[in-house]
file data-v9.txt (compact mmCIF, N, CA and C atoms and all ligand atoms)
# COMPACT_ATOMS: atom_id res chain seq x y z
N MET T 48 62.53 111.34 258.20
CA MET T 48 63.05 111.08 259.54
C MET T 48 64.57 110.94 259.52
N THR T 49 65.19 111.20 260.66
CA THR T 49 66.64 111.04 260.75
C THR T 49 66.97 110.04 261.85
N CYS T 50 68.10 109.38 261.68
CA CYS T 50 68.57 108.40 262.67
C CYS T 50 68.86 109.13 263.98
N LYS T 51 68.32 108.60 265.08
CA LYS T 51 68.50 109.23 266.39
C LYS T 51 69.93 109.10 266.89
N GLU T 52 70.66 108.18 266.27
CA GLU T 52 72.04 107.97 266.72
C GLU T 52 73.01 108.87 265.98
N CYS T 53 72.89 108.92 264.65
CA CYS T 53 73.90 109.64 263.86
C CYS T 53 73.33 110.83 263.09
N GLY T 54 72.01 110.99 263.07
CA GLY T 54 71.42 112.14 262.40
C GLY T 54 71.29 112.00 260.89
N LYS T 55 71.65 110.82 260.38
CA LYS T 55 71.55 110.57 258.94
C LYS T 55 70.08 110.46 258.53
N ASN T 56 69.76 110.98 257.33
CA ASN T 56 68.40 110.83 256.83
C ASN T 56 68.11 109.36 256.54
N ILE T 57 66.92 108.92 256.93
CA ILE T 57 66.59 107.53 256.64
C ILE T 57 65.35 107.44 255.75
N GLY T 58 65.36 106.45 254.88
CA GLY T 58 64.28 106.26 253.92
C GLY T 58 63.13 105.48 254.52
N ARG T 59 62.12 105.27 253.70
CA ARG T 59 60.90 104.62 254.17
C ARG T 59 61.13 103.20 254.69
N SER T 60 61.95 102.42 253.96
CA SER T 60 62.15 101.03 254.38
C SER T 60 62.95 100.97 255.68
N GLU T 61 63.91 101.88 255.83
CA GLU T 61 64.67 101.94 257.08
C GLU T 61 63.75 102.35 258.23
N GLN T 62 62.87 103.29 257.93
CA GLN T 62 61.92 103.75 258.95
C GLN T 62 61.01 102.62 259.41
N GLU T 63 60.54 101.84 258.43
CA GLU T 63 59.65 100.72 258.78
C GLU T 63 60.38 99.66 259.58
N ALA T 64 61.65 99.42 259.24
CA ALA T 64 62.43 98.41 259.95
C ALA T 64 62.74 98.84 261.37
N SER T 65 62.88 100.14 261.58
CA SER T 65 63.32 100.62 262.89
C SER T 65 62.20 101.26 263.71
N TYR T 66 61.65 102.37 263.20
CA TYR T 66 60.64 103.10 263.97
C TYR T 66 59.41 102.26 264.28
N ASP T 67 58.97 101.52 263.27
CA ASP T 67 57.76 100.71 263.45
C ASP T 67 57.98 99.54 264.41
N VAL T 68 59.24 99.16 264.61
CA VAL T 68 59.54 98.02 265.49
C VAL T 68 60.00 98.50 266.87
N LEU T 69 60.94 99.44 266.90
CA LEU T 69 61.51 99.91 268.17
C LEU T 69 60.81 101.13 268.75
N GLY T 70 60.14 101.88 267.86
CA GLY T 70 59.58 103.16 268.28
C GLY T 70 60.62 104.26 268.23
N VAL T 71 61.77 103.96 267.65
CA VAL T 71 62.86 104.93 267.52
C VAL T 71 63.40 104.83 266.09
N PRO T 72 63.51 105.97 265.37
CA PRO T 72 64.07 105.91 264.02
C PRO T 72 65.60 105.74 264.05
N LEU T 73 66.08 104.72 263.38
CA LEU T 73 67.52 104.47 263.31
C LEU T 73 67.89 104.06 261.89
N CYS T 74 69.10 104.39 261.46
CA CYS T 74 69.58 103.94 260.16
C CYS T 74 69.88 102.44 260.25
N THR T 75 70.09 101.81 259.12
CA THR T 75 70.30 100.36 259.08
C THR T 75 71.46 99.94 259.98
N ARG T 76 72.54 100.72 259.90
CA ARG T 76 73.73 100.39 260.68
C ARG T 76 73.45 100.44 262.19
N HIS T 77 72.79 101.48 262.64
CA HIS T 77 72.55 101.61 264.07
C HIS T 77 71.42 100.71 264.56
N LEU T 78 70.49 100.39 263.66
CA LEU T 78 69.45 99.42 264.03
C LEU T 78 70.09 98.07 264.33
N LYS T 79 71.07 97.71 263.50
CA LYS T 79 71.78 96.45 263.68
C LYS T 79 72.49 96.42 265.04
N LEU T 80 73.10 97.55 265.36
CA LEU T 80 73.83 97.68 266.62
C LEU T 80 72.89 97.53 267.83
N ILE T 81 71.76 98.24 267.76
CA ILE T 81 70.80 98.20 268.87
C ILE T 81 70.18 96.81 268.98
N LYS T 82 69.91 96.17 267.82
CA LYS T 82 69.34 94.82 267.85
C LYS T 82 70.29 93.84 268.53
N ARG T 83 71.60 94.05 268.29
CA ARG T 83 72.59 93.17 268.93
C ARG T 83 72.58 93.38 270.44
N ILE T 84 72.47 94.64 270.86
CA ILE T 84 72.42 94.95 272.30
C ILE T 84 71.19 94.29 272.93
N ILE T 85 70.05 94.38 272.24
CA ILE T 85 68.81 93.78 272.75
C ILE T 85 68.96 92.26 272.87
N LEU T 86 69.54 91.64 271.83
CA LEU T 86 69.73 90.19 271.83
C LEU T 86 70.66 89.75 272.96
N ASN T 87 71.73 90.50 273.17
CA ASN T 87 72.72 90.12 274.17
C ASN T 87 72.24 90.33 275.60
N ASN T 88 71.38 91.33 275.80
CA ASN T 88 71.03 91.71 277.17
C ASN T 88 69.55 91.57 277.50
N ASN T 89 68.76 91.17 276.52
CA ASN T 89 67.32 91.11 276.72
C ASN T 89 66.78 92.49 277.13
N THR T 90 67.28 93.52 276.48
CA THR T 90 66.92 94.90 276.79
C THR T 90 65.47 95.17 276.41
N PRO T 91 64.67 95.72 277.35
CA PRO T 91 63.29 96.06 276.99
C PRO T 91 63.27 97.21 275.96
N LEU T 92 62.29 97.19 275.07
CA LEU T 92 62.15 98.26 274.07
C LEU T 92 62.05 99.63 274.75
N GLU T 93 61.37 99.64 275.90
CA GLU T 93 61.17 100.91 276.61
C GLU T 93 62.51 101.50 277.06
N ALA T 94 63.49 100.65 277.34
CA ALA T 94 64.81 101.15 277.72
C ALA T 94 65.46 101.87 276.53
N ILE T 95 65.26 101.33 275.34
CA ILE T 95 65.81 101.94 274.13
C ILE T 95 65.13 103.30 273.90
N GLN T 96 63.81 103.31 274.04
CA GLN T 96 63.05 104.54 273.83
C GLN T 96 63.44 105.62 274.86
N LEU T 97 63.58 105.19 276.11
CA LEU T 97 63.95 106.12 277.17
C LEU T 97 65.37 106.64 276.95
N TYR T 98 66.25 105.76 276.54
CA TYR T 98 67.65 106.14 276.28
C TYR T 98 67.72 107.28 275.25
N TYR T 99 67.00 107.12 274.14
CA TYR T 99 67.05 108.14 273.10
C TYR T 99 66.28 109.41 273.50
N ALA T 100 65.22 109.26 274.29
CA ALA T 100 64.48 110.44 274.77
C ALA T 100 65.35 111.26 275.71
N LEU T 101 66.15 110.59 276.54
CA LEU T 101 67.06 111.28 277.46
C LEU T 101 68.16 111.98 276.69
N ARG T 102 68.67 111.31 275.68
CA ARG T 102 69.72 111.92 274.85
C ARG T 102 69.20 113.16 274.13
N ALA T 103 67.94 113.09 273.68
CA ALA T 103 67.34 114.22 272.97
C ALA T 103 67.26 115.45 273.88
N LYS T 104 67.25 115.21 275.20
CA LYS T 104 67.19 116.32 276.16
C LYS T 104 68.59 116.75 276.61
N GLY T 105 69.59 116.22 275.97
CA GLY T 105 70.95 116.64 276.27
C GLY T 105 71.64 115.84 277.36
N ALA T 106 70.95 114.80 277.90
CA ALA T 106 71.58 113.96 278.91
C ALA T 106 72.55 112.98 278.23
N GLN T 107 73.43 112.38 279.03
CA GLN T 107 74.41 111.45 278.47
C GLN T 107 74.28 110.06 279.11
N PRO T 108 73.19 109.37 278.77
CA PRO T 108 72.99 108.05 279.35
C PRO T 108 73.87 107.00 278.67
N MET T 109 74.10 105.88 279.34
CA MET T 109 74.77 104.74 278.72
C MET T 109 73.80 103.58 278.71
N LEU T 110 73.74 102.91 277.59
CA LEU T 110 72.80 101.80 277.42
C LEU T 110 73.50 100.50 277.75
N GLU T 111 72.84 99.65 278.56
CA GLU T 111 73.40 98.36 278.96
C GLU T 111 74.84 98.52 279.43
N TRP T 112 74.98 99.24 280.51
CA TRP T 112 76.29 99.51 281.11
C TRP T 112 76.65 98.39 282.09
N TRP T 113 77.83 97.81 281.90
CA TRP T 113 78.28 96.73 282.78
C TRP T 113 78.89 97.33 284.04
N ASP T 114 78.28 97.07 285.17
CA ASP T 114 78.76 97.69 286.42
C ASP T 114 79.76 96.79 287.17
N GLY T 115 80.20 95.73 286.52
CA GLY T 115 81.15 94.82 287.13
C GLY T 115 80.47 93.60 287.72
N ASN T 116 79.14 93.69 287.80
CA ASN T 116 78.36 92.63 288.41
C ASN T 116 77.20 92.21 287.50
N LYS T 117 76.61 93.22 286.88
CA LYS T 117 75.47 92.98 285.99
C LYS T 117 75.38 94.10 284.97
N SER T 118 74.56 93.89 283.95
CA SER T 118 74.33 94.93 282.96
C SER T 118 73.13 95.77 283.38
N VAL T 119 73.34 97.08 283.45
CA VAL T 119 72.29 98.01 283.86
C VAL T 119 71.63 98.55 282.60
N ASP T 120 70.29 98.59 282.56
CA ASP T 120 69.57 99.05 281.36
C ASP T 120 70.10 100.41 280.91
N ILE T 121 70.02 101.40 281.82
CA ILE T 121 70.51 102.74 281.51
C ILE T 121 71.29 103.24 282.73
N ALA T 122 72.46 103.78 282.49
CA ALA T 122 73.27 104.27 283.61
C ALA T 122 73.80 105.67 283.31
N PHE T 123 73.93 106.44 284.39
CA PHE T 123 74.62 107.73 284.33
C PHE T 123 75.77 107.59 285.32
N SER T 124 76.93 107.19 284.82
CA SER T 124 78.02 106.84 285.74
C SER T 124 78.56 108.06 286.48
N ARG T 125 78.50 109.25 285.87
CA ARG T 125 79.06 110.44 286.53
C ARG T 125 78.34 110.77 287.82
N VAL T 126 77.01 110.56 287.84
CA VAL T 126 76.26 110.82 289.07
C VAL T 126 75.87 109.52 289.77
N LYS T 127 76.42 108.41 289.27
CA LYS T 127 76.19 107.09 289.86
C LYS T 127 74.70 106.76 289.98
N LEU T 128 74.02 106.88 288.86
CA LEU T 128 72.59 106.56 288.83
C LEU T 128 72.36 105.40 287.86
N ASN T 129 71.70 104.36 288.37
CA ASN T 129 71.31 103.22 287.54
C ASN T 129 69.79 103.23 287.34
N ILE T 130 69.37 103.01 286.12
CA ILE T 130 67.94 102.93 285.85
C ILE T 130 67.63 101.57 285.26
N GLU T 131 66.71 100.87 285.91
CA GLU T 131 66.28 99.56 285.41
C GLU T 131 64.82 99.65 285.00
N ILE T 132 64.51 99.15 283.84
CA ILE T 132 63.13 99.12 283.38
C ILE T 132 62.54 97.77 283.78
N ASP T 133 61.46 97.83 284.55
CA ASP T 133 60.79 96.60 284.98
C ASP T 133 59.70 96.23 283.99
N THR T 134 59.77 95.01 283.49
CA THR T 134 58.71 94.50 282.63
C THR T 134 58.01 93.38 283.39
N ASP T 135 56.89 92.94 282.90
CA ASP T 135 56.16 91.84 283.52
C ASP T 135 55.94 92.05 285.02
N TYR T 136 55.51 93.26 285.35
CA TYR T 136 55.31 93.61 286.76
C TYR T 136 54.38 92.63 287.48
N ASN T 137 53.35 92.21 286.78
CA ASN T 137 52.35 91.35 287.41
C ASN T 137 52.87 89.94 287.66
N LEU T 138 53.90 89.58 286.91
CA LEU T 138 54.38 88.21 287.00
C LEU T 138 55.60 88.07 287.91
N ILE T 139 55.95 89.18 288.60
CA ILE T 139 57.17 89.15 289.41
C ILE T 139 57.02 88.14 290.56
N THR T 140 58.06 87.33 290.75
CA THR T 140 58.03 86.32 291.80
C THR T 140 58.74 86.86 293.04
N HIS T 141 58.56 86.19 294.16
CA HIS T 141 59.27 86.56 295.38
C HIS T 141 60.77 86.55 295.14
N GLU T 142 61.20 85.50 294.45
CA GLU T 142 62.63 85.32 294.21
C GLU T 142 63.19 86.49 293.41
N GLN T 143 62.44 86.90 292.36
CA GLN T 143 62.91 88.00 291.52
C GLN T 143 62.92 89.30 292.31
N ALA T 144 61.87 89.51 293.11
CA ALA T 144 61.77 90.74 293.90
C ALA T 144 62.95 90.82 294.88
N LEU T 145 63.28 89.69 295.48
CA LEU T 145 64.38 89.66 296.44
C LEU T 145 65.72 89.88 295.72
N LYS T 146 65.84 89.28 294.54
CA LYS T 146 67.06 89.44 293.75
C LYS T 146 67.24 90.91 293.35
N ASP T 147 66.15 91.55 292.94
CA ASP T 147 66.19 92.98 292.59
C ASP T 147 66.65 93.82 293.77
N LEU T 148 66.09 93.49 294.94
CA LEU T 148 66.42 94.25 296.14
C LEU T 148 67.89 94.07 296.50
N GLU T 149 68.38 92.83 296.39
CA GLU T 149 69.78 92.55 296.70
C GLU T 149 70.71 93.28 295.72
N GLU T 150 70.30 93.33 294.45
CA GLU T 150 71.11 94.04 293.45
C GLU T 150 71.15 95.54 293.75
N SER T 151 69.99 96.09 294.14
CA SER T 151 69.93 97.51 294.48
C SER T 151 70.84 97.80 295.67
N MET T 152 70.82 96.89 296.64
CA MET T 152 71.64 97.04 297.85
C MET T 152 73.11 97.00 297.48
N HIS T 153 73.47 96.07 296.61
CA HIS T 153 74.85 95.92 296.15
C HIS T 153 75.32 97.21 295.47
N SER T 154 74.47 97.76 294.59
CA SER T 154 74.81 99.00 293.89
C SER T 154 74.93 100.16 294.87
N PHE T 155 74.02 100.18 295.85
CA PHE T 155 73.99 101.26 296.83
C PHE T 155 75.30 101.29 297.63
N LYS T 156 75.81 100.10 297.95
CA LYS T 156 77.08 100.00 298.67
C LYS T 156 78.21 100.61 297.87
N ASN T 157 78.08 100.54 296.54
CA ASN T 157 79.10 101.14 295.67
C ASN T 157 78.80 102.60 295.36
N GLY T 158 77.83 103.16 296.08
CA GLY T 158 77.52 104.57 295.90
C GLY T 158 76.53 104.86 294.79
N PHE T 159 75.93 103.80 294.22
CA PHE T 159 74.99 104.00 293.13
C PHE T 159 73.55 104.01 293.63
N THR T 160 72.78 104.91 293.06
CA THR T 160 71.34 104.94 293.30
C THR T 160 70.67 104.14 292.19
N THR T 161 69.78 103.23 292.54
CA THR T 161 69.07 102.47 291.52
C THR T 161 67.60 102.89 291.51
N VAL T 162 67.12 103.28 290.35
CA VAL T 162 65.72 103.63 290.19
C VAL T 162 65.10 102.59 289.27
N ARG T 163 64.03 101.95 289.74
CA ARG T 163 63.31 100.97 288.92
C ARG T 163 62.05 101.62 288.37
N ILE T 164 61.89 101.57 287.06
CA ILE T 164 60.75 102.21 286.42
C ILE T 164 59.93 101.16 285.68
N PRO T 165 58.63 101.09 285.98
CA PRO T 165 57.78 100.14 285.24
C PRO T 165 57.75 100.51 283.75
N HIS T 166 57.82 99.51 282.89
CA HIS T 166 57.88 99.79 281.45
C HIS T 166 56.67 100.58 280.96
N LEU T 167 55.52 100.39 281.61
CA LEU T 167 54.32 101.12 281.17
C LEU T 167 54.44 102.62 281.44
N THR T 168 55.19 102.98 282.46
CA THR T 168 55.41 104.41 282.75
C THR T 168 56.17 105.04 281.59
N VAL T 169 57.14 104.31 281.07
CA VAL T 169 57.91 104.81 279.92
C VAL T 169 57.01 104.89 278.70
N LYS T 170 56.20 103.87 278.54
CA LYS T 170 55.34 103.77 277.36
C LYS T 170 54.31 104.90 277.31
N TYR T 171 53.65 105.17 278.44
CA TYR T 171 52.54 106.12 278.43
C TYR T 171 52.91 107.52 278.93
N TYR T 172 53.99 107.61 279.70
CA TYR T 172 54.36 108.93 280.26
C TYR T 172 55.84 109.21 280.01
N LEU T 173 56.24 109.07 278.75
CA LEU T 173 57.66 109.21 278.42
C LEU T 173 58.22 110.58 278.83
N ASP T 174 57.51 111.66 278.49
CA ASP T 174 58.00 113.00 278.79
C ASP T 174 58.16 113.22 280.30
N ASP T 175 57.15 112.78 281.07
CA ASP T 175 57.22 112.91 282.53
C ASP T 175 58.36 112.09 283.10
N THR T 176 58.53 110.88 282.55
CA THR T 176 59.60 110.00 283.02
C THR T 176 60.95 110.65 282.78
N VAL T 177 61.14 111.19 281.58
CA VAL T 177 62.40 111.85 281.23
C VAL T 177 62.65 113.02 282.18
N GLN T 178 61.60 113.84 282.40
CA GLN T 178 61.75 115.01 283.27
C GLN T 178 62.13 114.60 284.69
N ASN T 179 61.49 113.54 285.20
CA ASN T 179 61.81 113.07 286.54
C ASN T 179 63.25 112.61 286.64
N ILE T 180 63.71 111.89 285.63
CA ILE T 180 65.10 111.41 285.65
C ILE T 180 66.07 112.59 285.59
N LEU T 181 65.75 113.59 284.76
CA LEU T 181 66.61 114.78 284.68
C LEU T 181 66.68 115.48 286.04
N ASP T 182 65.53 115.52 286.75
CA ASP T 182 65.49 116.13 288.09
C ASP T 182 66.35 115.33 289.07
N ILE T 183 66.26 114.01 288.98
CA ILE T 183 67.07 113.15 289.86
C ILE T 183 68.56 113.41 289.60
N ILE T 184 68.91 113.51 288.31
CA ILE T 184 70.31 113.75 287.95
C ILE T 184 70.80 115.07 288.53
N SER T 185 69.97 116.13 288.41
CA SER T 185 70.45 117.42 288.93
C SER T 185 70.53 117.40 290.45
N SER T 186 69.62 116.66 291.11
CA SER T 186 69.71 116.52 292.57
C SER T 186 70.98 115.78 292.96
N LEU T 187 71.28 114.72 292.24
CA LEU T 187 72.49 113.94 292.54
C LEU T 187 73.74 114.80 292.33
N LYS T 188 73.73 115.63 291.27
CA LYS T 188 74.87 116.52 291.02
C LYS T 188 75.05 117.48 292.18
N THR T 189 73.92 118.03 292.69
CA THR T 189 73.97 118.96 293.83
C THR T 189 74.56 118.26 295.05
N ASN T 190 74.09 117.05 295.31
CA ASN T 190 74.59 116.29 296.47
C ASN T 190 76.09 116.03 296.36
N ILE T 191 76.54 115.71 295.16
CA ILE T 191 77.97 115.45 294.96
C ILE T 191 78.77 116.71 295.29
N LYS T 192 78.28 117.87 294.85
CA LYS T 192 78.98 119.13 295.12
C LYS T 192 79.06 119.41 296.61
N VAL T 193 77.94 119.13 297.33
CA VAL T 193 77.89 119.37 298.77
C VAL T 193 78.91 118.51 299.49
N ILE T 194 79.01 117.26 299.10
CA ILE T 194 79.97 116.34 299.73
C ILE T 194 81.38 116.78 299.32
ZN ZN T 201 72.59 106.03 262.35
call {"tool": "encode", "arguments": {"input": "data-v9.txt", "output": "structure tokens"}}
result
Amino acid sequence: MTCKECGKNIGRSEQEASYDVLGVPLCTRHLKLIKRIILNNNTPLEAIQLYYALRAKGAQPMLEWWDGNKSVDIAFSRVKLNIEIDTDYNLITHEQALKDLEESMHSFKNGFTTVRIPHLTVKYYLDDTVQNILDIISSLKTNIKVI
């Protein structure tokens, strides 16, 4: 296996430390980096998996992008698209739902589209999720050109 970040060949122990835990093969150095991002932002594993799946398709996502107000799981700043991975869907409270809506509204005012994706969609339908996001990106690019 090779590191998804730098393309370096990784050995068995590196594979076990990374792929078996994150679902993404990373070298020791990049595993450390991603672990720090997860610790700092409480990033869902599915966001990491989606980030690398999008990159594998030639997209240029940013992981845990600070929009000036909050950290966005995955962002495409050129087309102003924010992607948030929702975990614990069943446990969502009124307060959290309202907070999410207010955040989406805040981003929308700044010209950003926010797409919320349930973590299980990433887990079980990764390819479809990636394709849908790529379609959204190309639609947003078209809209930008029209304006
Ligand atoms: Zn690496």
call {"tool": "residues_near_ligand", "arguments": {"input": "data-v9.txt", "ligand": "ligand ZN 201 (chain T)", "cutoff": "6 Å", "atoms": "only N, CA and C atoms and all ligand atoms", "output": "list in words"}}
result
Cys50, Lys51, Glu52, Cys53, Gly54, Lys55, Leu73, Cys74, Thr75, Arg76 and His77 of chain T
call {"tool": "select_by_dssp", "arguments": {"input": "data-v9.txt", "residues": "region 71-171 of chain T", "states": "strand (DSSP E or B)", "output": "VMD selection string"}}
result
chain T and resid 109 to 113 118 to 123 128 to 133 160 to 165
call {"tool": "closest_atom_pairs", "arguments": {"input": "data-v9.txt", "of": "region 109-146 of chain T", "to": "region 82-103 of chain T", "cutoff": "7 Å", "atoms": "all atoms listed in the file", "output": "Markdown table"}}
result
| residue | atom | partner | partner_atom | distance |
| --- | --- | --- | --- | --- |
| T:Leu110 | CA | T:Tyr98 | CA | 6.8 |
| T:Asp120 | C | T:Ala94 | CA | 6.2 |
| T:Ile121 | N | T:Ala94 | CA | 6.6 |
| T:Ile132 | CA | T:Ala94 | N | 6.2 |
call {"tool": "closest_residue", "arguments": {"input": "data-v9.txt", "among": "T:Leu128, T:Ile57, T:Leu78, T:Val68", "to": "Thr161 (chain T)", "atoms": "all atoms listed in the file"}}
result
T:Leu128
call {"tool": "residues_around", "arguments": {"input": "data-v9.txt", "residues": "Val126 (chain T)", "least_positions_apart": "3", "cutoff": "6.5 Å", "atoms": "all atoms listed in the file", "output": "list in words"}}
result
Phe123, Thr160, Leu187 and Lys188 of chain T
call {"tool": "atom_distance", "arguments": {"input": "data-v9.txt", "atom1": "CA of Lys146 (chain T)", "atom2": "CA of Asp133 (chain T)"}}
result
12.9 Å
call {"tool": "select_by_dssp", "arguments": {"input": "data-v9.txt", "residues": "region 48-174 of chain T", "states": "helix (DSSP H, G or I)", "output": "PyMOL selection string"}}
result
chain T and resi 59-69+75-88+92-103+124-126+136-138+141-156+166-171+173-174
call {"tool": "closest_residue", "arguments": {"input": "data-v9.txt", "among": "T:Gly70, T:Thr189, T:Ala64, T:Glu149", "to": "Lys170 (chain T)", "atoms": "only C-alpha atoms"}}
result
T:Gly70
call {"tool": "atom_distance", "arguments": {"input": "data-v9.txt", "atom1": "atom N of Glu61 (chain T)", "atom2": "atom C of Pro165 (chain T)"}}
result
28.6 Å
call {"tool": "closest_residue", "arguments": {"input": "data-v9.txt", "among": "T:Asn129, T:Gln107, T:Glu142, T:Asn190", "to": "Phe159 (chain T)", "atoms": "all atoms listed in the file"}}
result
T:Asn129
call {"tool": "atom_distance", "arguments": {"input": "data-v9.txt", "atom1": "CA of Asp182 (chain T)", "atom2": "CA of Asn157 (chain T)"}}
result
21.6 Å
call {"tool": "closest_residue", "arguments": {"input": "data-v9.txt", "among": "T:Arg59, T:Lys192, T:Lys127, T:Lys79", "to": "Asp114 (chain T)", "atoms": "only C-alpha atoms"}}
result
T:Lys127
